[in-house]
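Engineer: Let me give you the structure first, and then I'll get to my questions.
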Amino acid sequence: MSSPKKSPEAKAAEWKMSAGRSAQAVEELEKSDERQLARTGKKQVLKRRFGFVSMLGMSTTLMLTWEGELLYFSSGLLNGGPAGLVYSYLLSWAGVLAVMSCLAELSSMAPTAAGQYYWVSILAPKPFSRIASYVTGWLSVAVWQGVVTMTGYLCGTLIQGLIVLHNLNPAAASDPTQAPAFYEPKGWQATLLLWGAVLLSLCVNTVLAKHLPKIEGFILYIHLFGFFAILVPLLYLSERVPARVVFTAFSNGGQWPSTGIAFLVGMITNVGSLLGSDGAVHLSEEIHSASRIVPWSILITLLLNGTLGLGMLLTVLLCLTSPDAALASPTKYPFIQIFYDATKSTTGTTLMTVLILLLVFAAMFGQFASASRQLWSFARDFGVPFSSRLQYISPHSRLPLNAIYTTLTIPLLLGLIISGSSIALLNLLSFVTSAWLLAAFLPLSLLLWRRTTGLITLPQLINHVSTSSPADSPSAPLEPLQNSHEVLEWGPWRIPEPLGTVVNVFGLCWILVAMFFSFWPPFKNVTVQNMNYSALMTGFWVIFGLIWFAVWGRRTYKGPVVEVK
């Protein structure tokens, strides 16, 4: 006689108990999570699948930091040179760490998939809360949908780069009139490959969704192993330049008035590869003990990836014996030429590049999940068109399926727009970076205002309940944070004063500098072909959002909706 089929909830409870938790501990954990979410005014509708390791795996791999240093560094090499790349990396790492530390404080105070726009809503003065929250949410939608598109584009163009590598024209070395390769990459081919990458991410986030935490944990090990699998062959096989060149050689290939300006223009290379650890925020409603795990996940991710990224950057620069040849590589990716110069082998170069390609593919899984959850959360608060459909949760899988399918559709359409563009990657990187920085500037500004005016206090026990320990008294009432504009309470994780204020101010100053130079083109003499269109893209998106809000959104979006009282 067959045993009765167990529900997903029963299986989850069994798994938790097998991990060493008693039935009572499991029940208390679930009640604590639900009560913590209720503090943000939201019901528990998504399934909490993630723990600390699986969330660390997701946030670490979706950032693509050490991989990104290989993928993006050509712009920084042109403007700034080897030394500029090193020092702008350290500056960017410090700036992003300051910003993320403040966001970690907010995620501990209010762990919700809404993230930045929810925090703006509760931090801002009531008269400005709705519009400021809406603009932040609108920008966040663009950021995460743009990230998925950009990573899909990377997958497509990396595959094309490998094809070029295997079809190089030997005659081109002695005859400049010859084509460098027998294969010429086409824009429409990159678009089709982008579509394939996004479809794979859809499969992982739907068919394999229940296995996603284990998949992300496994990818974390590949991410760490892959770092050494690239680092060791480069250091062992490649010729090296003197260390003083790496730390003292600046360049101004964009012909700017000064090397200092070139340094700041090239900084976008490093900024883009250090963003993304806040992806854990948008899965807060699928993580146990989110007010503690999410902040630590954000910071450990950034410290770990920042260290790996710096190590990879220094290694590549030490092995960069022919900068001009790398920049002129027919593969369009200088790091492939560096790999080839080191290994002197097409096979070895291919294996190393395929490892990077697999990690880029894997990063899309977490990016796709974060993008769909952020879109679903904003739709839940009626912030986007067709919100009533996008907020749908499948009763069987407990996944936001319509938001997931929309996160598939948007990159497919954007792929048509960027098809054939030789500078699409730089424009996407600049757009995502500028939109993310602007979406982070609002909550950090409001956090500094509240921090310095005493409008955020240490947790106070009210009826034996505080926001830091929401399960101390399950029966005691708690006011949703949306109704607590006067004074808020810190969560379990915070930066002690006066260090918190210093970090907050430094983070805001860095955002202003990074955002300003993210709009600059790589060359002083601008043409249609090398123009940085991110200012136009960001401005269009903001203006379009404001028009939508004025025409329709103001009728539906009233700020984050209070679902439970």
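Here, A, B, ... name the chains of the structure tokens in the order displayed, residue numbers run from 1 inside each chain, and ligands are numbered from 1 in the same displayed order.
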If we count only C-alpha atoms and set the cut-off at 8 Å, which residues sit around stretch 108-119 of chain A, ignoring sequence neighbours fewer than 5 positions away in its own chain? Please answer as an MDAnalysis selection string.

Structural biologist: chainID A and resid 36:37 39:40 132:137 140 281:285 290:292 294:295 373:374 377:378 439:440 443 467:468 489:494 559:560

Engineer: For the residues selected in the previous step, produce a file with N, CA and C atoms as a compact mmCIF listing (two decimals), in the first residue's frame.

Structural biologist:
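The new file selection.txt reads:
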# COMPACT_ATOMS: atom_id res chain seq x y z
N GLN A 36 7.38 39.13 11.45
CA GLN A 36 8.32 40.13 10.96
C GLN A 36 7.83 40.74 9.65
N LEU A 37 7.30 39.89 8.77
CA LEU A 37 6.76 40.39 7.51
C LEU A 37 5.50 41.21 7.75
N ARG A 39 4.97 43.09 10.12
CA ARG A 39 5.42 44.41 10.58
C ARG A 39 5.57 45.37 9.39
N THR A 40 5.86 44.82 8.20
CA THR A 40 5.95 45.65 7.00
C THR A 40 4.59 45.79 6.31
N ALA A 132 8.17 59.99 -3.96
CA ALA A 132 9.56 59.55 -3.82
C ALA A 132 9.66 58.03 -3.87
N SER A 133 8.72 57.37 -3.22
CA SER A 133 8.69 55.90 -3.24
C SER A 133 8.44 55.38 -4.64
N TYR A 134 7.53 56.03 -5.36
CA TYR A 134 7.18 55.59 -6.70
C TYR A 134 8.39 55.70 -7.65
N VAL A 135 9.08 56.83 -7.61
CA VAL A 135 10.24 57.03 -8.49
C VAL A 135 11.32 55.99 -8.19
N THR A 136 11.53 55.70 -6.91
CA THR A 136 12.54 54.71 -6.53
C THR A 136 12.16 53.32 -7.04
N GLY A 137 10.89 52.95 -6.87
CA GLY A 137 10.44 51.65 -7.36
C GLY A 137 10.52 51.54 -8.87
N SER A 140 14.07 50.97 -9.81
CA SER A 140 14.50 49.62 -9.45
C SER A 140 14.04 48.59 -10.46
N VAL A 281 17.98 41.31 -1.01
CA VAL A 281 16.87 42.09 -0.44
C VAL A 281 15.54 41.69 -1.08
N HIS A 282 15.55 41.49 -2.39
CA HIS A 282 14.30 41.23 -3.11
C HIS A 282 13.81 39.79 -2.94
N LEU A 283 14.59 38.99 -2.21
CA LEU A 283 14.14 37.65 -1.84
C LEU A 283 13.96 37.53 -0.33
N SER A 284 13.80 38.69 0.34
CA SER A 284 13.66 38.69 1.80
C SER A 284 12.47 37.89 2.27
N GLU A 285 11.42 37.83 1.46
CA GLU A 285 10.21 37.11 1.87
C GLU A 285 10.30 35.62 1.56
N ALA A 290 15.03 36.82 8.02
CA ALA A 290 15.54 37.76 7.01
C ALA A 290 16.20 38.99 7.63
N SER A 291 15.70 39.48 8.76
CA SER A 291 16.25 40.71 9.34
C SER A 291 17.70 40.54 9.79
N ARG A 292 18.13 39.31 9.98
CA ARG A 292 19.52 39.04 10.36
C ARG A 292 20.33 38.49 9.18
N VAL A 294 19.76 38.67 5.77
CA VAL A 294 19.93 39.54 4.60
C VAL A 294 21.07 40.55 4.79
N PRO A 295 21.15 41.28 5.92
CA PRO A 295 22.28 42.22 6.08
C PRO A 295 23.64 41.54 6.01
N ARG A 373 11.03 39.14 -8.60
CA ARG A 373 10.46 39.44 -7.26
C ARG A 373 10.30 40.94 -7.07
N GLN A 374 11.26 41.71 -7.56
CA GLN A 374 11.14 43.16 -7.42
C GLN A 374 9.95 43.67 -8.22
N SER A 377 6.75 42.63 -6.44
CA SER A 377 6.51 43.43 -5.24
C SER A 377 5.94 44.80 -5.59
N PHE A 378 6.49 45.44 -6.63
CA PHE A 378 6.00 46.76 -7.03
C PHE A 378 4.58 46.64 -7.60
N ALA A 439 18.53 55.18 -7.52
CA ALA A 439 17.57 54.50 -6.64
C ALA A 439 18.13 54.31 -5.24
N ALA A 440 19.46 54.27 -5.10
CA ALA A 440 20.08 54.14 -3.78
C ALA A 440 20.24 55.50 -3.11
N PRO A 443 16.99 56.57 -0.63
CA PRO A 443 16.92 56.02 0.73
C PRO A 443 18.09 56.43 1.61
N THR A 467 10.71 45.65 17.19
CA THR A 467 10.92 45.25 15.79
C THR A 467 12.13 44.34 15.66
N SER A 468 13.04 44.36 16.62
CA SER A 468 14.20 43.49 16.54
C SER A 468 13.88 42.06 16.93
N GLU A 489 12.26 52.36 14.43
CA GLU A 489 13.23 51.65 15.26
C GLU A 489 14.24 50.92 14.39
N TRP A 490 15.49 50.89 14.85
CA TRP A 490 16.51 50.12 14.16
C TRP A 490 16.19 48.63 14.25
N GLY A 491 16.67 47.89 13.28
CA GLY A 491 16.54 46.43 13.32
C GLY A 491 17.69 45.83 14.11
N PRO A 492 17.81 44.49 14.07
CA PRO A 492 18.87 43.82 14.83
C PRO A 492 20.28 44.17 14.35
N TRP A 493 20.41 44.59 13.06
CA TRP A 493 21.75 44.90 12.51
C TRP A 493 21.83 46.39 12.22
N ARG A 494 22.82 47.05 12.80
CA ARG A 494 23.01 48.48 12.55
C ARG A 494 24.47 48.84 12.78
N GLY A 559 1.39 54.14 -2.28
CA GLY A 559 2.48 53.69 -1.42
C GLY A 559 2.31 52.21 -1.14
N PRO A 560 3.27 51.59 -0.44
CA PRO A 560 3.16 50.18 -0.10
C PRO A 560 1.84 49.87 0.63

Engineer: Can you pull out the residues contacting stretch 515-531 of chain A? Cut-off 6 Å, using only C-alpha atoms, and skip same-chain residues under 2 positions away; I want them as JSON, numbers by chain.

Structural biologist: {"A": [254, 255, 256, 265, 268, 430, 434, 511, 512, 513, 533, 534, 535]}

Engineer: Name the closest residue to A:Val271 among the candidates A:Thr406, A:Ser322, A:Ser54, A:Thr433; distances are taken between atoms, counting only C-alpha atoms.

Structural biologist: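 Smallest separation from A:Val271 among the options: A:Thr433.
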
Engineer: For A:Ser75, please output as an MDAnalysis selection string all residues within 12 Å (counting only C-alpha atoms; exclusion window: fewer than 4 positions along the same chain).

Structural biologist: chainID A and resid 69:71 79:82 84:85 251:254 262:272 326:327 332:334 423 425:427 429:430 518 520:523 530

Engineer: Under the rule that only C-alpha atoms are counted, which of A:Phe365, A:Tyr392, A:Phe386, A:Trp296 is the nearest residue to A:Glu105?

Structural biologist: A:Trp296

Engineer: Would you mind listing what lies within 8 Å of A:Leu274 as an MDAnalysis selection string, with only C-alpha atoms counted and same-chain residues fewer than 3 positions away left out?

Structural biologist: chainID A and resid 63:65 92:93 96 270:271 277 302 305:306

Engineer: Convert the current residue selection to file output with all heavy atoms, as a short mmCIF file (atom, residue, chain, number, x, y, z; two decimals), in the first residue's frame.

Structural biologist:
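Okay, this is what ended up in selection.cif:
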data_model
loop_
_atom_site.label_atom_id
_atom_site.label_comp_id
_atom_site.auth_asym_id
_atom_site.auth_seq_id
_atom_site.Cartn_x
_atom_site.Cartn_y
_atom_site.Cartn_z
N MET A 63 26.49 38.79 -8.74
CA MET A 63 27.26 40.03 -8.87
C MET A 63 28.25 39.97 -10.03
O MET A 63 28.55 40.99 -10.65
CB MET A 63 28.02 40.32 -7.58
CG MET A 63 27.19 40.93 -6.48
SD MET A 63 28.19 41.26 -5.01
CE MET A 63 29.32 42.54 -5.60
N LEU A 64 28.81 38.78 -10.31
CA LEU A 64 29.83 38.64 -11.36
C LEU A 64 30.99 39.62 -11.16
O LEU A 64 31.39 40.33 -12.08
CB LEU A 64 29.21 38.88 -12.75
CG LEU A 64 28.36 37.76 -13.36
CD1 LEU A 64 27.77 38.21 -14.68
CD2 LEU A 64 29.18 36.50 -13.55
N THR A 65 31.57 39.63 -9.96
CA THR A 65 32.60 40.62 -9.68
C THR A 65 33.94 40.27 -10.32
O THR A 65 34.45 41.02 -11.16
CB THR A 65 32.77 40.82 -8.16
OG1 THR A 65 31.53 41.27 -7.62
CG2 THR A 65 33.84 41.87 -7.87
N SER A 92 35.96 52.49 -5.66
CA SER A 92 34.60 51.99 -5.91
C SER A 92 34.19 50.97 -4.86
O SER A 92 33.04 50.96 -4.40
CB SER A 92 34.53 51.36 -7.30
OG SER A 92 34.83 52.29 -8.30
N TRP A 93 35.12 50.10 -4.47
CA TRP A 93 34.82 49.09 -3.45
C TRP A 93 34.45 49.75 -2.14
O TRP A 93 33.47 49.37 -1.49
CB TRP A 93 36.04 48.18 -3.30
CG TRP A 93 35.80 46.94 -2.48
CD1 TRP A 93 34.59 46.44 -2.07
CD2 TRP A 93 36.80 46.05 -1.98
NE1 TRP A 93 34.78 45.28 -1.35
CE2 TRP A 93 36.13 45.02 -1.28
CE3 TRP A 93 38.19 46.02 -2.06
CZ2 TRP A 93 36.82 43.97 -0.66
CZ3 TRP A 93 38.87 44.97 -1.45
CH2 TRP A 93 38.19 43.96 -0.76
N VAL A 96 30.92 51.46 -2.66
CA VAL A 96 29.81 50.49 -2.69
C VAL A 96 29.62 49.88 -1.31
O VAL A 96 28.49 49.64 -0.87
CB VAL A 96 30.07 49.40 -3.74
CG1 VAL A 96 28.99 48.33 -3.68
CG2 VAL A 96 30.10 50.00 -5.14
N ASN A 270 34.67 49.51 -12.90
CA ASN A 270 34.72 48.84 -11.60
C ASN A 270 33.42 48.98 -10.83
O ASN A 270 33.05 48.08 -10.07
CB ASN A 270 35.87 49.41 -10.78
CG ASN A 270 37.22 49.02 -11.34
OD1 ASN A 270 37.44 47.88 -11.74
ND2 ASN A 270 38.15 49.97 -11.40
N VAL A 271 32.73 50.08 -11.00
CA VAL A 271 31.46 50.27 -10.29
C VAL A 271 30.47 49.18 -10.68
O VAL A 271 29.84 48.54 -9.83
CB VAL A 271 30.87 51.66 -10.58
CG1 VAL A 271 29.49 51.81 -9.92
CG2 VAL A 271 31.80 52.75 -10.07
N SER A 277 24.90 43.02 -4.76
CA SER A 277 24.75 42.22 -3.54
C SER A 277 23.42 42.48 -2.85
O SER A 277 23.00 41.69 -1.99
CB SER A 277 25.90 42.50 -2.57
OG SER A 277 25.87 43.83 -2.09
N LEU A 302 29.79 41.20 -0.50
CA LEU A 302 30.60 42.30 -1.03
C LEU A 302 32.06 42.18 -0.61
O LEU A 302 32.97 42.46 -1.40
CB LEU A 302 30.02 43.64 -0.57
CG LEU A 302 30.57 44.90 -1.23
CD1 LEU A 302 30.48 44.80 -2.75
CD2 LEU A 302 29.81 46.12 -0.75
N ASN A 305 33.42 38.98 -2.68
CA ASN A 305 33.56 39.28 -4.10
C ASN A 305 34.56 40.41 -4.35
O ASN A 305 35.27 40.41 -5.35
CB ASN A 305 32.21 39.64 -4.71
CG ASN A 305 31.46 38.42 -5.21
OD1 ASN A 305 32.01 37.32 -5.23
ND2 ASN A 305 30.23 38.58 -5.61
N GLY A 306 34.57 41.40 -3.45
CA GLY A 306 35.53 42.49 -3.62
C GLY A 306 36.96 42.00 -3.55
O GLY A 306 37.82 42.44 -4.32
#
